[in-house]
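Source file: upload_5.cif. Holds: mmCIF, C-alpha atoms.
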data_structure
#
loop_
_atom_site.label_atom_id
_atom_site.label_comp_id
_atom_site.auth_asym_id
_atom_site.auth_seq_id
_atom_site.Cartn_x
_atom_site.Cartn_y
_atom_site.Cartn_z
CA MET A 1 0.00 0.00 0.00
CA ARG A 2 1.40 3.37 -0.99
CA ALA A 3 1.81 6.15 1.54
CA TRP A 4 -1.14 8.22 0.41
CA HIS A 5 -3.50 5.34 1.06
CA GLY A 6 -2.53 5.25 4.72
CA ILE A 7 -2.73 9.00 5.13
CA LEU A 8 -6.10 9.07 3.40
CA ASP A 9 -7.42 6.30 5.61
CA THR A 10 -6.30 8.05 8.79
CA LEU A 11 -7.67 11.37 7.60
CA ILE A 12 -11.04 9.83 6.80
CA ARG A 13 -11.27 7.98 10.08
CA GLU A 14 -9.92 10.60 12.44
CA ARG A 15 -10.26 14.04 10.90
CA ARG A 16 -13.19 14.06 8.51
CA GLY A 17 -15.65 15.01 11.22
CA ALA A 18 -13.54 18.02 12.18
CA LEU A 19 -13.33 19.00 8.54
CA VAL A 20 -17.09 18.80 8.22
CA GLY A 21 -17.42 20.95 11.34
CA PHE A 22 -15.13 23.54 9.80
CA ALA A 23 -17.01 23.45 6.50
CA PHE A 24 -20.35 23.70 8.29
CA MET A 25 -19.24 26.88 10.00
CA LEU A 26 -18.38 28.24 6.57
CA THR A 27 -21.52 27.22 4.77
CA GLY A 28 -24.19 26.93 7.41
CA ASP A 29 -25.63 24.17 5.29
CA ARG A 30 -25.05 20.55 6.18
CA PRO A 31 -25.23 18.85 2.76
CA THR A 32 -23.10 21.54 1.18
CA ALA A 33 -20.52 21.26 3.95
CA GLU A 34 -20.26 17.51 3.56
CA ASP A 35 -19.96 17.81 -0.19
CA LEU A 36 -17.28 20.46 0.14
CA VAL A 37 -15.28 18.14 2.34
CA HIS A 38 -15.82 15.22 0.01
CA ASP A 39 -14.69 17.20 -3.02
CA ALA A 40 -11.76 18.77 -1.21
CA ILE A 41 -10.42 15.40 -0.08
CA ILE A 42 -10.65 14.01 -3.59
CA ARG A 43 -9.04 17.08 -5.10
CA THR A 44 -6.24 17.09 -2.57
CA PHE A 45 -5.34 13.44 -2.93
CA SER A 46 -5.88 13.33 -6.68
CA ARG A 47 -2.95 15.61 -7.22
CA ALA A 48 0.37 13.88 -7.33
CA ARG A 49 1.83 16.03 -4.61
CA ARG A 50 3.63 14.46 -1.73
CA LEU A 51 1.48 14.01 1.30
CA ASP A 52 3.87 13.10 4.05
CA ASP A 53 1.58 13.17 7.02
CA VAL A 54 -2.00 13.65 8.09
CA PRO A 55 -1.64 17.23 9.41
CA SER A 56 -0.21 18.50 6.14
CA ALA A 57 -2.86 16.65 4.18
CA GLU A 58 -5.55 18.13 6.42
CA ALA A 59 -4.12 21.59 5.86
CA TYR A 60 -4.37 21.08 2.12
CA VAL A 61 -7.95 19.89 2.47
CA ARG A 62 -8.94 22.88 4.60
CA ARG A 63 -7.43 25.21 2.06
CA ALA A 64 -9.34 23.44 -0.70
CA ILE A 65 -12.57 23.67 1.27
CA THR A 66 -12.16 27.41 1.70
CA THR A 67 -11.26 27.95 -1.93
CA GLN A 68 -14.19 25.94 -3.17
CA PHE A 69 -16.53 27.70 -0.80
CA ILE A 70 -15.41 31.14 -1.90
CA ASN A 71 -15.29 30.32 -5.55
CA GLY A 72 -18.70 28.73 -5.42
CA ARG A 73 -17.54 26.14 -7.85
CA ARG A 74 -20.14 23.66 -6.83
CA SER A 75 -23.70 24.56 -7.36
CA ARG A 76 -26.17 23.29 -4.88
CA ALA A 77 -27.65 21.01 -7.47
CA THR A 78 -24.30 19.49 -8.30
CA ALA A 79 -23.43 19.03 -4.69
CA ARG A 80 -26.65 17.30 -3.92
CA ALA A 81 -26.07 14.90 -6.77
CA LYS A 82 -23.25 13.41 -4.74
CA GLN A 83 -25.17 12.82 -1.58
CA HIS A 84 -25.45 9.11 -2.22
CA LEU A 85 -21.81 8.90 -1.21
CA LEU A 86 -22.47 10.26 2.21
CA VAL A 87 -25.61 9.75 4.22
CA PRO A 88 -29.30 9.90 3.44
CA ARG A 89 -30.24 13.54 3.61
CA ASP A 90 -33.85 12.99 4.41
CA ALA A 91 -32.94 11.81 7.85
CA PRO A 92 -33.06 14.47 10.56
CA PRO A 93 -29.88 15.25 12.49
CA ALA A 94 -29.17 12.23 14.61
CA ASP A 95 -28.28 13.71 17.94
CA ALA A 96 -28.24 16.68 20.23
CA HIS A 97 -24.96 17.94 18.76
CA ALA A 98 -26.85 19.02 15.67
CA GLY A 99 -28.96 21.49 17.60
CA GLU A 100 -25.96 23.36 18.96
CA ALA A 101 -24.23 23.43 15.60
CA ASP A 102 -27.41 24.60 13.94
CA GLU A 103 -27.72 27.46 16.41
CA VAL A 104 -24.25 28.72 15.59
CA ALA A 105 -24.95 28.32 11.90
CA ARG A 106 -28.14 30.32 12.29
CA VAL A 107 -26.21 33.17 13.84
CA LEU A 108 -23.59 33.11 11.09
CA ARG A 109 -26.23 33.08 8.42
CA VAL A 110 -26.61 36.83 8.69
CA LEU A 111 -23.14 37.19 7.19
CA THR A 112 -22.19 37.20 3.55
CA PRO A 113 -20.03 34.27 2.39
CA ARG A 114 -16.88 36.38 2.43
CA GLN A 115 -17.64 37.80 5.84
CA ARG A 116 -18.29 34.31 7.15
CA ALA A 117 -15.08 33.04 5.60
CA CYS A 118 -13.08 35.83 7.20
CA VAL A 119 -14.65 35.25 10.60
CA VAL A 120 -14.16 31.50 10.47
CA LEU A 121 -10.56 31.72 9.32
CA ARG A 122 -9.73 34.40 11.89
CA TYR A 123 -11.56 33.04 14.89
CA LEU A 124 -11.88 29.33 14.29
CA GLU A 125 -8.69 28.65 12.35
CA ASP A 126 -6.76 31.36 14.23
CA LEU A 127 -5.18 32.73 11.10
CA SER A 128 -3.73 36.20 11.15
CA ILE A 129 -5.17 38.99 9.06
CA ASP A 130 -2.43 38.51 6.49
CA GLN A 131 -2.83 34.75 6.45
CA THR A 132 -6.55 35.12 6.00
CA ALA A 133 -6.00 37.55 3.16
CA GLU A 134 -3.58 35.17 1.49
CA ARG A 135 -5.98 32.26 1.89
CA LEU A 136 -8.83 34.20 0.34
CA SER A 137 -6.71 35.97 -2.27
CA VAL A 138 -7.80 39.39 -1.09
CA THR A 139 -5.98 42.29 0.54
CA SER A 140 -5.48 42.57 4.26
CA GLY A 141 -7.59 45.70 4.18
CA ALA A 142 -10.43 43.76 2.66
CA VAL A 143 -10.18 41.16 5.42
CA LYS A 144 -10.30 43.87 8.08
CA ARG A 145 -13.30 45.40 6.43
CA HIS A 146 -15.12 42.08 6.14
CA VAL A 147 -14.39 41.22 9.76
CA HIS A 148 -15.52 44.63 10.90
CA ASP A 149 -18.73 44.43 8.94
CA ALA A 150 -19.29 40.93 10.22
CA MET A 151 -18.92 42.09 13.78
CA GLN A 152 -21.44 44.82 13.20
CA ARG A 153 -23.94 42.30 11.94
CA LEU A 154 -23.21 39.80 14.65
CA ARG A 155 -23.62 42.50 17.26
CA GLY A 156 -27.13 42.96 16.05
CA GLU A 157 -27.73 39.24 16.06
CA LEU A 158 -26.19 38.45 19.41
CA GLY A 159 -26.95 41.60 21.27
CA GLY A 160 -24.45 42.28 24.00
CA MET A 161 -22.26 39.35 23.11
CA VAL A 162 -20.37 41.29 20.49
CA ASP A 163 -19.36 44.50 22.06
CA ASP A 164 -15.80 45.37 21.21
CA ALA A 165 -13.71 45.84 18.12
CA PRO A 166 -12.25 42.80 16.45
CA ASP A 167 -8.52 42.45 16.63
CA GLY A 168 -6.79 43.57 13.50
CA PHE A 169 -9.20 46.46 13.26
CA ASP A 170 -8.40 49.62 15.17
CA GLY A 171 -11.96 50.38 16.11
CA ARG A 172 -12.03 53.74 14.44
CA THR A 173 -14.71 54.09 11.87
CA THR A 174 -14.28 56.49 9.04
CA VAL A 175 -17.64 57.49 7.73
CA ILE A 176 -17.36 57.87 4.01
CA ALA A 177 -21.00 58.50 3.43
CA ARG A 178 -24.03 58.20 5.56
CA ARG A 179 -27.56 58.73 4.61
CA SER A 180 -29.81 60.37 7.12
CA GLY A 181 -33.41 61.26 6.94
CA ALA A 182 -33.02 64.21 9.29
CA ARG A 183 -30.95 67.33 8.91
CA MET B 1 -16.08 39.63 22.02
CA SER B 2 -13.31 37.96 20.09
CA GLU B 3 -12.93 35.23 22.67
CA GLU B 4 -16.65 34.70 22.80
CA LEU B 5 -16.79 34.44 19.06
CA ARG B 6 -13.92 31.97 19.08
CA SER B 7 -15.69 29.93 21.68
CA MET B 8 -18.95 29.99 19.78
CA LEU B 9 -17.33 28.87 16.54
CA ALA B 10 -15.30 26.15 18.22
CA ARG B 11 -18.40 24.91 19.98
CA GLY B 12 -20.38 24.83 16.77
CA ALA B 13 -17.64 23.09 14.81
CA ARG B 14 -17.11 20.51 17.54
CA ALA B 15 -20.82 19.81 17.75
CA GLU B 16 -21.08 19.34 14.02
CA ALA B 17 -18.00 17.12 13.98
CA ALA B 18 -19.51 14.99 16.72
CA ARG B 19 -22.79 14.73 14.85
CA PHE B 20 -21.03 13.72 11.65
CA ASP B 21 -18.76 11.20 13.34
CA GLY B 22 -21.79 9.71 15.04
CA GLU B 23 -23.41 9.08 11.69
CA HIS B 24 -20.29 7.78 9.95
CA VAL B 25 -18.87 5.04 12.07
CA GLY B 26 -18.00 2.78 9.15
CA GLY B 27 -14.92 3.06 7.02
CA GLU B 28 -15.59 4.87 3.78
CA THR B 29 -12.01 5.07 2.64
CA THR B 30 -12.67 2.69 -0.23
CA VAL B 31 -15.13 5.11 -1.79
CA TYR B 32 -12.49 7.81 -1.81
CA GLU B 33 -9.75 5.52 -3.03
CA ARG B 34 -11.87 4.50 -5.98
CA ALA B 35 -12.30 8.13 -6.93
CA ILE B 36 -8.71 9.16 -6.29
CA ALA B 37 -6.60 6.31 -7.65
CA PRO B 38 -7.47 6.71 -11.33
CA ARG B 39 -7.06 10.47 -11.12
CA ARG B 40 -3.61 10.19 -9.61
CA THR B 41 -2.70 7.72 -12.29
CA ALA B 42 -3.94 9.93 -15.06
CA ARG B 43 -2.27 13.03 -13.71
CA ARG B 44 1.06 11.30 -13.43
CA LEU B 45 0.79 10.02 -16.95
CA ILE B 46 0.10 13.41 -18.45
CA GLU B 47 2.77 15.12 -16.40
CA ILE B 48 5.41 13.11 -18.15
CA ALA B 49 3.86 12.23 -21.44
CA GLY B 50 3.26 14.58 -24.27
CA ALA B 51 2.07 12.03 -26.68
CA PHE B 52 1.78 8.39 -27.37
CA VAL B 53 4.61 7.22 -29.55
CA VAL B 54 4.72 3.89 -31.17
CA ILE B 55 8.01 2.35 -30.21
CA GLY B 56 7.51 -1.04 -31.58
CA ALA B 57 5.10 -3.16 -33.45
CA VAL B 58 4.60 -6.58 -32.12
CA GLY B 59 1.93 -7.86 -34.43
CA VAL B 60 1.62 -11.53 -34.70
CA GLY B 61 5.26 -11.87 -33.85
CA ALA B 62 4.71 -10.97 -30.24
CA TYR B 63 5.85 -14.41 -29.23
CA ALA B 64 9.37 -13.41 -30.07
CA LEU B 65 9.25 -10.48 -27.71
CA PHE B 66 7.59 -12.26 -24.85
CA PRO B 67 9.05 -15.73 -24.79
CA GLY B 68 7.74 -18.02 -22.16
CA MET B 69 4.63 -16.02 -21.43
CA GLY B 70 2.36 -17.58 -23.99
CA ALA B 71 0.82 -19.97 -21.55
CA GLN B 72 0.05 -17.33 -18.94
CA GLN B 73 -3.61 -16.65 -18.56
CA PRO B 74 -5.45 -14.45 -16.17
CA VAL B 75 -7.29 -16.34 -13.53
CA THR B 76 -10.77 -14.98 -13.32
CA GLY B 77 -14.23 -16.03 -12.48
CA SER B 78 -15.67 -13.71 -15.06
CA SER B 79 -14.68 -14.63 -18.52
CA ASP B 80 -16.70 -12.30 -20.57
CA GLY B 81 -15.92 -8.72 -21.14
CA ALA B 82 -15.54 -5.40 -19.49
CA SER B 83 -19.11 -5.13 -18.33
CA SER B 84 -18.33 -7.49 -15.51
CA THR B 85 -15.10 -5.88 -14.51
CA SER B 86 -15.56 -4.31 -11.14
CA SER B 87 -15.32 -6.43 -8.10
CA ALA B 88 -14.92 -3.49 -5.76
CA PRO B 89 -17.88 -2.14 -3.79
CA THR B 90 -19.89 0.05 -6.08
CA PRO B 91 -21.79 3.08 -4.85
CA PRO B 92 -25.06 3.72 -6.63
CA GLY B 93 -25.14 6.32 -9.29
CA ASP B 94 -21.97 7.87 -10.60
CA GLN B 95 -19.16 5.39 -10.18
CA ARG B 96 -16.57 8.11 -10.60
CA SER B 97 -17.62 8.93 -7.07
CA ASP B 98 -17.26 12.66 -7.30
CA GLY B 99 -20.61 12.99 -9.00
CA ALA B 100 -19.32 15.47 -11.53
CA ALA B 101 -19.96 14.56 -15.13
CA TRP B 102 -16.84 13.38 -16.91
CA THR B 103 -17.00 14.37 -20.54
CA VAL B 104 -14.77 13.30 -23.40
CA ASP B 105 -15.40 14.43 -26.94
CA GLY B 106 -18.69 15.90 -25.78
CA ILE B 107 -19.94 12.64 -24.30
CA ASN B 108 -20.57 12.09 -20.60
CA ILE B 109 -19.41 8.86 -19.07
CA ASP B 110 -22.22 6.54 -18.16
CA ALA B 111 -21.35 4.51 -15.10
CA ARG B 112 -23.97 1.90 -15.96
CA SER B 113 -22.80 1.25 -19.49
CA SER B 114 -20.13 -1.12 -20.65
CA ALA B 115 -18.68 -2.35 -23.89
CA MET B 116 -19.89 -5.28 -25.90
CA PRO B 117 -18.04 -8.38 -24.64
CA LEU B 118 -15.53 -9.83 -27.02
CA SER B 119 -17.44 -13.10 -27.08
CA THR B 120 -20.58 -11.34 -28.29
CA PHE B 121 -18.67 -9.82 -31.17
CA ALA B 122 -16.52 -12.74 -32.11
CA GLY B 123 -17.56 -15.66 -29.96
CA PRO B 124 -18.12 -18.30 -32.63
CA ALA B 125 -14.97 -17.34 -34.46
CA LEU B 126 -12.85 -17.43 -31.32
CA SER B 127 -14.47 -20.29 -29.50
CA ALA B 128 -11.77 -22.74 -30.52
CA SER B 129 -9.05 -20.63 -28.94
CA GLN B 130 -8.72 -20.43 -25.19
CA SER B 131 -6.13 -17.73 -25.65
CA CYS B 132 -8.61 -15.59 -27.54
CA LEU B 133 -11.39 -16.09 -25.03
CA ALA B 134 -9.02 -15.08 -22.24
CA LEU B 135 -8.57 -11.65 -23.80
CA ALA B 136 -11.90 -10.62 -22.34
CA ALA B 137 -10.44 -10.90 -18.86
CA PHE B 138 -7.52 -8.66 -19.78
CA ALA B 139 -9.95 -6.12 -21.22
CA SER B 140 -11.53 -5.82 -17.80
CA LEU B 141 -8.11 -5.86 -16.08
CA ASP B 142 -9.15 -9.02 -14.31
CA GLY B 143 -7.06 -11.91 -13.16
CA LEU B 144 -3.37 -12.49 -12.41
CA GLY B 145 -3.99 -11.42 -8.87
CA GLU B 146 -0.85 -13.29 -7.90
CA LEU B 147 1.10 -10.39 -9.38
CA GLY B 148 -0.21 -8.27 -6.53
CA ALA B 149 -2.96 -5.83 -7.35
CA SER B 150 -6.19 -4.29 -6.20
CA ALA B 151 -9.48 -5.28 -7.73
CA ALA B 152 -10.22 -3.64 -11.05
CA THR B 153 -12.48 -0.61 -10.97
CA HIS B 154 -14.94 -0.18 -13.79
CA LEU B 155 -15.53 3.54 -14.27
CA GLY B 156 -18.19 3.24 -16.96
CA ALA B 157 -18.37 3.88 -20.67
CA PHE B 158 -18.63 6.77 -23.07
CA VAL B 159 -21.61 5.95 -25.22
CA GLY B 160 -21.29 7.32 -28.73
CA GLU B 161 -23.61 7.06 -31.69
CA ASN B 162 -21.98 3.92 -33.00
CA GLY B 163 -20.68 2.26 -29.89
CA VAL B 164 -18.97 2.79 -26.59
CA ASN B 165 -15.51 3.29 -25.11
CA ASP B 166 -15.35 1.39 -21.85
CA VAL B 167 -12.92 2.45 -19.10
CA THR B 168 -11.45 0.38 -16.27
CA THR B 169 -8.55 1.01 -13.92
CA ARG B 170 -6.50 -1.16 -11.60
CA SER B 171 -3.65 -0.52 -9.17
CA PHE B 172 -0.81 -2.99 -8.96
CA ASP B 173 1.51 -3.34 -6.02
CA THR B 174 4.60 -2.64 -8.05
CA ASP B 175 5.59 -1.13 -11.36
CA ALA B 176 6.92 -4.49 -12.45
CA SER B 177 3.59 -6.16 -11.72
CA ALA B 178 1.75 -3.72 -13.96
CA GLN B 179 4.24 -4.27 -16.75
CA GLN B 180 4.01 -8.02 -16.34
CA TYR B 181 0.28 -7.76 -16.70
CA LEU B 182 0.61 -5.87 -19.98
CA ASP B 183 3.24 -8.31 -21.16
CA ALA B 184 0.93 -11.18 -20.38
CA ALA B 185 -1.87 -9.52 -22.30
CA ALA B 186 0.34 -8.99 -25.33
CA SER B 187 1.55 -12.55 -25.17
CA GLN B 188 -1.98 -13.83 -24.84
CA ALA B 189 -3.10 -11.80 -27.83
CA ALA B 190 -0.20 -13.10 -29.87
CA ALA B 191 -1.12 -16.65 -28.92
CA CYS B 192 -4.68 -15.93 -29.94
CA SER B 193 -3.47 -14.64 -33.26
CA GLY B 194 -1.50 -17.78 -33.87
CA GLU B 195 -4.44 -19.99 -33.02
CA LEU B 196 -6.64 -18.13 -35.48
CA ALA B 197 -4.34 -18.81 -38.41
CA GLY B 198 -6.30 -20.04 -41.38
CA THR B 199 -9.57 -18.51 -40.24
CA ASP B 200 -11.30 -15.30 -41.29
CA ALA B 201 -10.60 -13.78 -37.90
CA SER B 202 -7.40 -11.99 -37.08
CA VAL B 203 -5.76 -10.33 -34.12
CA ASP B 204 -3.41 -7.41 -34.40
CA VAL B 205 -1.20 -6.62 -31.42
CA VAL B 206 0.80 -3.45 -31.15
CA ARG B 207 3.00 -2.45 -28.29
CA LEU B 208 3.14 1.26 -27.59
CA GLY B 209 5.15 3.40 -25.31
CA LEU B 210 5.37 6.89 -23.95
CA LEU B 211 8.23 8.94 -25.23
CA GLY B 212 11.06 8.98 -22.76
CA ILE B 213 9.27 7.32 -19.90
CA PRO B 214 8.72 3.76 -18.80
CA GLY B 215 4.97 3.82 -19.36
CA THR B 216 3.75 1.45 -22.05
CA ALA B 217 0.58 0.42 -23.78
CA VAL B 218 -0.66 -2.58 -25.65
CA ARG B 219 -3.37 -2.32 -28.27
CA VAL B 220 -5.16 -5.47 -29.35
CA ARG B 221 -7.52 -5.29 -32.30
CA VAL B 222 -9.72 -8.26 -33.15
CA THR B 223 -11.49 -8.54 -36.50
CA VAL B 224 -13.74 -11.37 -37.50
CA ASP B 225 -14.32 -10.47 -41.10
CA ALA B 226 -11.66 -8.38 -42.76
CA LEU B 227 -14.11 -7.17 -45.35
CA SER B 228 -16.48 -5.69 -42.80
CA GLY B 229 -13.73 -3.67 -41.20
CA ALA B 230 -15.41 -3.92 -37.83
CA ALA B 231 -12.97 -4.46 -34.99
CA TRP B 232 -13.09 -4.91 -31.24
CA THR B 233 -10.19 -2.96 -29.75
CA MET B 234 -8.61 -3.19 -26.34
CA TRP B 235 -6.09 -0.65 -25.05
CA LEU B 236 -4.12 -1.53 -21.96
CA TYR B 237 -1.94 1.22 -20.60
CA ALA B 238 0.32 1.34 -17.59
CA ASP B 239 2.70 3.76 -16.05
CA GLY B 240 4.26 2.86 -12.77
CA SER B 241 1.93 0.61 -10.89
CA GLU B 242 -1.32 1.94 -12.30
CA ALA B 243 -3.09 0.47 -15.29
CA VAL B 244 -5.96 1.68 -17.44
CA SER B 245 -8.03 -0.26 -19.92
CA VAL B 246 -10.12 1.24 -22.69
CA VAL B 247 -12.26 -1.12 -24.74
CA VAL B 248 -13.61 0.27 -28.00
CA GLU B 249 -16.66 -1.44 -29.39
CA PRO B 250 -16.85 -2.34 -33.09
CA GLY B 251 -18.02 0.74 -34.97
CA ALA B 252 -17.29 3.16 -32.16
CA ALA B 253 -14.84 6.01 -32.60
CA ASP B 254 -11.61 5.13 -30.82
CA SER B 255 -11.36 7.70 -28.01
CA ALA B 256 -8.72 5.93 -25.95
CA LEU B 257 -6.14 8.70 -26.20
CA ALA B 258 -8.71 11.40 -25.55
CA ILE B 259 -9.95 9.51 -22.53
CA VAL B 260 -6.50 9.20 -21.00
CA THR B 261 -5.82 12.85 -21.69
CA SER B 262 -9.09 13.85 -20.12
CA MET B 263 -8.36 11.80 -17.03
CA VAL B 264 -5.15 13.71 -16.56
CA LEU B 265 -6.44 17.17 -17.24
CA GLY B 266 -9.40 16.62 -15.00
CA PRO B 267 -12.98 17.80 -15.31
#

How would this structure read if it were set down as structure tokens?
Amino acid sequence: MRAWHGILDTLIRERRGALVGFAFMLTGDRPTAEDLVHDAIIRTFSRARRLDDVPSAEAYVRRAITTQFINGRRSRATARAKQHLLVPRDAPPADAHAGEADEVARVLRVLTPRQRACVVLRYLEDLSIDQTAERLSVTSGAVKRHVHDAMQRLRGELGGMVDDAPDGFDGRTTVIARRSGAR
Amino acid sequence: MSEELRSMLARGARAEAARFDGEHVGGETTVYERAIAPRRTARRLIEIAGAFVVIGAVGVGAYALFPGMGAQQPVTGSSDGASSTSSAPTPPGDQRSDGAAWTVDGINIDARSSAMPLSTFAGPALSASQSCLALAAFASLDGLGELGASAATHLGAFVGENGVNDVTTRSFDTDASAQQYLDAAASQAAACSGELAGTDASVDVVRLGLLGIPGTAVRVRVTVDALSGAAWTMWLYADGSEAVSVVVEPGAADSALAIVTSMVLGP
């Protein structure tokens, strides 16, 4: 058995759940998250690159998940066409874990895909502003803006939970234009 | 707020991971391997091969090139054609496993289709030759498990107007095993050709190679009636330890090279 077989097997057995959790935070949609992970694993291992260990393989897969999510390369219809490889989708979430994950996903749903990606990479993956920008192929300024805007939205969603400026953003707001009904 | 957000995300991701793991307790690695192995094979082939180059014609004289292998036959329970190739677990639906349509020359692969078995095309003409009948097993990359190999994986067929191109892959344990398999196929085809001497049927065997690399291919073309021009064609190709088979039905356009190229370039 060649090396990639063993790494793939370990990744599938030990890390696929974590990858689905990561993807679910990105997408907020369970079937799409599972399909993203499925596609990312196949894409990662299909390339003839060296995969020396599980952590490096997982890093490649996470990068692929993010890229595919941002690029929107898989339409919902295409993704659902692959569901036979995973689990029956008609079945309701099997356990109490689903409720908690769904609640977080509901909160994140107020964000745009790019805002969600920035938040997840910054606060779940613990990437720096620059690393997040590199991962998403945008500028650091764009990441700061997306994170800031995300925090504004989350503040509205979570009330007092979000009450200070995100790191990487200095907290000052420069008003470029503001519409007001009153003079 | 940052710490709270971190905590919320970590909690959500952990909960989702736990849910998923709870629903997927069985090993599903095989499903992934079946999708990945042929793609890795194809990518490697294209990385090093610009084109197929004929490096030698074996023809009916293949015996001279493969002495001592004439008696080697694949051991297989299925004796009839590529449609019975896969012995690996098969998910329903798209057997390429990624669900994305794989298109070559404007035709999507159909996981449920397979090529006409050799025996259907030329059964009566070949029935007197065990060597000829054994070619069907090579077409489906079956048999010779003692060389060390995984089960063959039937990917499906490209169904054209006049016939299909049927695709199967198989991973061998070593590069030498894959080459031995191709050698055995060539030798078998040559034996078949010899046994058909004096009949209307004929078998043409050509050994092909990739320019500058160790990868090789064997093309076997079986005709029953020279006047009709109809031929059943089997391409066996290997680089390293990975092998690919493309069976072209009589009348179908031969898309073997396009199929290999497409596998490498991806969807």

Next item on the list: Find the distance between atom CA of A:Arg43 and atom CA of A:Arg15 and write it in Å to one decimal.
Entry: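 Distance reported for this atom pair: 16.3 Å.
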
- Using only C-alpha atoms, which of A:His38, A:Arg16, A:Arg30, A:Arg145 sits nearest A:Glu58?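 Of A:His38, A:Arg16, A:Arg30, A:Arg145, the one nearest A:Glu58 is A:Arg16, counting only C-alpha atoms.
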
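Across the model, the gap from atom CA of A:Trp4 to atom CA of A:Thr67 is 22.3 Å.
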
* Using only C-alpha atoms, pick whichever of B:Arg112, B:Arg34, B:Arg40, B:Arg207 has the shortest atom-to-atom distance to B:Ala189. =>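 The shortest atom-to-atom distance to B:Ala189 comes from B:Arg207.
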
ask   = Can you list, as a list in words, the residues that the PyMOL selection byres ((chain B) within 6 of (chain A)) selects here?
value =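 Here the PyMOL selection byres ((chain B) within 6 of (chain A)) matches Met1, Arg6, Leu9, Gly12, Ala13, Ala15, Glu16, Ala17, Arg19, Phe20, Asp21, Thr29, Ile36, Arg39, Arg40 and Gly99 of chain B.
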